[in-house]
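K.L.:
model_9.csv is reproduced below (CSV, C-alpha atoms).
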chain,number,residue,atom,x,y,z
A,1,MET,CA,127.7,186.0,163.4
A,2,PRO,CA,125.3,183.1,162.4
A,3,VAL,CA,125.6,181.7,158.9
A,4,PRO,CA,122.4,182.3,156.9
A,5,PHE,CA,120.4,179.2,156.1
A,6,LYS,CA,119.9,178.7,152.4
A,7,VAL,CA,117.2,176.5,151.0
A,8,ASN,CA,117.6,174.9,147.6
A,9,PRO,CA,114.3,175.6,145.8
A,10,ARG,CA,114.5,172.6,143.5
A,11,PRO,CA,113.8,169.9,146.2
A,12,VAL,CA,111.1,172.0,147.7
A,13,ALA,CA,109.3,172.3,144.4
A,14,ILE,CA,109.6,168.6,143.7
A,15,LEU,CA,108.2,167.8,147.1
A,16,GLY,CA,105.3,170.2,146.5
A,17,VAL,CA,104.5,168.6,143.2
A,18,ALA,CA,104.7,165.1,144.7
A,19,LEU,CA,102.4,166.1,147.5
A,20,ALA,CA,99.9,167.6,145.1
A,21,LEU,CA,99.9,164.5,143.0
A,22,LEU,CA,99.5,162.2,146.0
A,23,GLN,CA,96.6,164.3,147.2
A,24,ARG,CA,94.9,164.1,143.8
A,25,LEU,CA,95.4,160.3,143.7
A,26,LEU,CA,93.9,159.8,147.1
A,27,GLY,CA,90.9,161.8,146.1
A,28,HIS,CA,91.4,164.9,148.2
A,29,GLY,CA,90.5,167.9,146.2
A,30,ALA,CA,88.7,165.8,143.6
A,31,PRO,CA,85.2,166.9,142.8
A,32,ALA,CA,82.5,164.9,144.4
A,33,PRO,CA,80.6,162.6,142.0
A,34,ARG,CA,77.2,163.9,141.3
A,35,PHE,CA,74.1,161.7,141.6
A,36,GLN,CA,72.6,160.9,138.2
A,37,PRO,CA,69.1,159.5,138.1
A,38,ALA,CA,68.5,156.1,136.5
A,39,THR,CA,67.7,156.2,132.8
A,40,THR,CA,65.3,154.0,130.9
A,41,GLU,CA,68.2,152.0,129.7
A,42,ASP,CA,69.3,151.4,133.3
A,43,TYR,CA,65.9,150.1,134.2
A,44,LEU,CA,65.8,147.8,131.1
A,45,TYR,CA,69.1,146.4,132.1
A,46,LYS,CA,68.0,146.0,135.7
A,47,ILE,CA,64.8,144.2,134.8
A,48,ALA,CA,66.7,141.9,132.5
A,49,ARG,CA,69.2,141.0,135.4
A,50,ILE,CA,66.4,140.6,137.9
A,51,THR,CA,64.4,138.2,135.7
A,52,GLY,CA,67.4,136.5,134.2
A,53,GLN,CA,66.1,137.2,130.7
A,54,SER,CA,67.3,139.4,127.8
A,55,GLU,CA,66.3,142.9,127.2
A,56,TYR,CA,64.5,141.6,124.1
A,57,GLU,CA,62.3,139.4,126.4
A,58,VAL,CA,61.5,142.5,128.4
A,59,PHE,CA,60.3,144.2,125.3
A,60,ARG,CA,58.1,141.1,124.5
A,61,LYS,CA,56.7,141.0,128.0
A,62,SER,CA,56.0,144.8,127.9
A,63,ALA,CA,54.1,144.3,124.6
A,64,GLU,CA,51.7,141.7,126.1
A,65,ALA,CA,49.3,144.3,127.5
A,66,TRP,CA,49.3,146.3,124.3
A,67,PRO,CA,48.0,145.6,120.8
A,68,VAL,CA,51.5,145.2,119.4
A,69,SER,CA,52.5,142.6,116.9
A,70,GLU,CA,55.7,140.4,117.1
A,71,SER,CA,57.1,142.2,114.0
A,72,MET,CA,56.5,145.6,115.7
A,73,VAL,CA,58.4,144.4,118.8
A,74,ASN,CA,61.3,143.2,116.6
A,75,ARG,CA,61.4,146.5,114.8
A,76,ASP,CA,61.1,148.5,118.1
A,77,PHE,CA,63.9,146.5,119.6
A,78,ARG,CA,66.1,147.0,116.6
A,79,ASP,CA,65.5,150.8,116.9
A,80,TYR,CA,66.3,150.6,120.6
A,81,LEU,CA,69.7,148.9,119.8
A,82,LEU,CA,70.5,151.4,117.0
A,83,GLU,CA,69.1,154.6,118.3
A,84,GLN,CA,68.3,154.1,122.0
A,85,SER,CA,64.7,154.9,121.3
A,86,VAL,CA,62.2,153.2,123.7
A,87,PRO,CA,58.6,152.6,122.6
A,88,CYS,CA,55.7,153.8,124.7
A,89,TYR,CA,54.7,150.3,125.8
A,90,VAL,CA,58.1,149.6,127.3
A,91,ASN,CA,58.1,153.0,129.0
A,92,ALA,CA,54.6,152.2,130.4
A,93,PHE,CA,55.9,148.8,131.7
A,94,ILE,CA,58.8,150.4,133.4
A,95,ARG,CA,56.7,153.2,135.0
A,96,LYS,CA,54.2,150.6,136.2
A,97,ASN,CA,56.9,148.4,137.8
A,98,LYS,CA,59.3,151.1,138.9
A,99,PRO,CA,58.5,150.9,142.6
A,100,TYR,CA,59.3,147.2,142.6
A,101,ILE,CA,62.4,147.6,140.5
A,102,ASP,CA,63.8,150.2,142.8
A,103,GLN,CA,63.4,147.9,145.8
A,104,VAL,CA,65.8,145.4,144.4
A,105,ARG,CA,69.5,145.9,145.1
A,106,LEU,CA,71.8,144.2,142.7
A,107,PRO,CA,75.4,143.4,143.3
A,108,PRO,CA,77.7,145.5,141.2
A,109,TYR,CA,78.9,142.8,138.8
Using the file provided, produce a representation of the structure as structure tokens.

P.N.:
Amino acid sequence: MPVPFKVNPRPVAILGVALALLQRLLGHGAPAPRFQPATTEDYLYKIARITGQSEYEVFRKSAEAWPVSESMVNRDFRDYLLEQSVPCYVNAFIRKNKPYIDQVRLPPY
């Protein structure tokens, strides 16, 4: 008569947990990242990197085609830093140049 084979459940459970953790670490079973469209802040940052200037200089350049005073640009930039609000002349500048901005691929650093 053959001897019944007994399996100790503890090592099997530990192995199962270890495999689940390894799978999670390797990315299997992880939800796929969703694509998020670029925000206005992303475009401001990208313009600043492309031109080698600050975001404040992008505000100043955006205001050149509009009847906006230097003090208004300063106030709008302060509001942008504090509240992430972007004035209409900066939005118009980004909209106008968006096709050119999208063509430039920047390194991730």

K.L.:
When you draw a straight line from atom CA of A:Ile101 to atom CA of A:Tyr43, how long is it in Å?

P.N.:
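It comes out at 7.6 Å.
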
K.L.:
One number please: atom CA of A:Val73 to atom CA of A:Asn91, in Å, one decimal.

P.N.:
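Atom-to-atom, atom CA of A:Val73 and atom CA of A:Asn91 are spaced 13.3 Å apart.
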
K.L.:
Would you work out the distance separating atom CA of A:Arg95 from atom CA of A:Asp76, expressed in Å to one decimal?

P.N.:
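According to the coordinates, atom CA of A:Arg95 and atom CA of A:Asp76 are separated by 18.1 Å.
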
K.L.:
Residues within 9 Å of (72.9, 137.5, 139.3), file coordinates, counting only C-alpha atoms: what are they? Give the list as a PyMOL selection string.

P.N.:
chain A and resi 49-50+52+106-107+109

K.L.:
Within 12 Å of (62.7, 138.4, 122.5), only C-alpha atoms: residues as a compact mmCIF listing (two decimals) with C-alpha atoms, keeping the file's coordinate frame?

P.N.:
# COMPACT_ATOMS: atom_id res chain seq x y z
CA ALA A 48 66.70 141.90 132.50
CA GLN A 53 66.10 137.20 130.70
CA SER A 54 67.30 139.40 127.80
CA GLU A 55 66.30 142.90 127.20
CA TYR A 56 64.50 141.60 124.10
CA GLU A 57 62.30 139.40 126.40
CA VAL A 58 61.50 142.50 128.40
CA PHE A 59 60.30 144.20 125.30
CA ARG A 60 58.10 141.10 124.50
CA LYS A 61 56.70 141.00 128.00
CA SER A 62 56.00 144.80 127.90
CA ALA A 63 54.10 144.30 124.60
CA GLU A 70 55.70 140.40 117.10
CA SER A 71 57.10 142.20 114.00
CA MET A 72 56.50 145.60 115.70
CA VAL A 73 58.40 144.40 118.80
CA ASN A 74 61.30 143.20 116.60
CA ARG A 75 61.40 146.50 114.80
CA ASP A 76 61.10 148.50 118.10
CA PHE A 77 63.90 146.50 119.60
CA ARG A 78 66.10 147.00 116.60

K.L.:
Check the smallest atom-to-atom distance from each of A:Glu64, A:Glu41, A:Lys98, A:Phe93 to A:Tyr80 using all atoms listed in the file, then report the winner.

P.N.:
A:Glu41

K.L.:
Quick one: everything within 10 Å of A:Val104, counting only C-alpha atoms, minus sequence neighbours fewer than 4 positions away in the same chain. Send it as a list in words.

P.N.:
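The neighbour list is Lys46, Ile47, Ile50, Pro99 and Tyr100 of chain A.
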
K.L.:
Create the file for the chosen residues now, containing C-alpha atoms and written as an mmCIF file, in the coordinates of the input.

P.N.:
data_model
loop_
_atom_site.group_PDB
_atom_site.id
_atom_site.type_symbol
_atom_site.label_atom_id
_atom_site.label_comp_id
_atom_site.auth_asym_id
_atom_site.auth_seq_id
_atom_site.Cartn_x
_atom_site.Cartn_y
_atom_site.Cartn_z
ATOM 1 C CA LYS A 46 68.000 146.000 135.700
ATOM 2 C CA ILE A 47 64.800 144.200 134.800
ATOM 3 C CA ILE A 50 66.400 140.600 137.900
ATOM 4 C CA PRO A 99 58.500 150.900 142.600
ATOM 5 C CA TYR A 100 59.300 147.200 142.600
#

K.L.:
Counting all atoms listed in the file, which residue out of A:Gln23, A:Gln103, A:Thr51, A:Thr40 sits closest to A:Pro87?

P.N.:
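The answer is A:Thr40, which sits nearest to A:Pro87.
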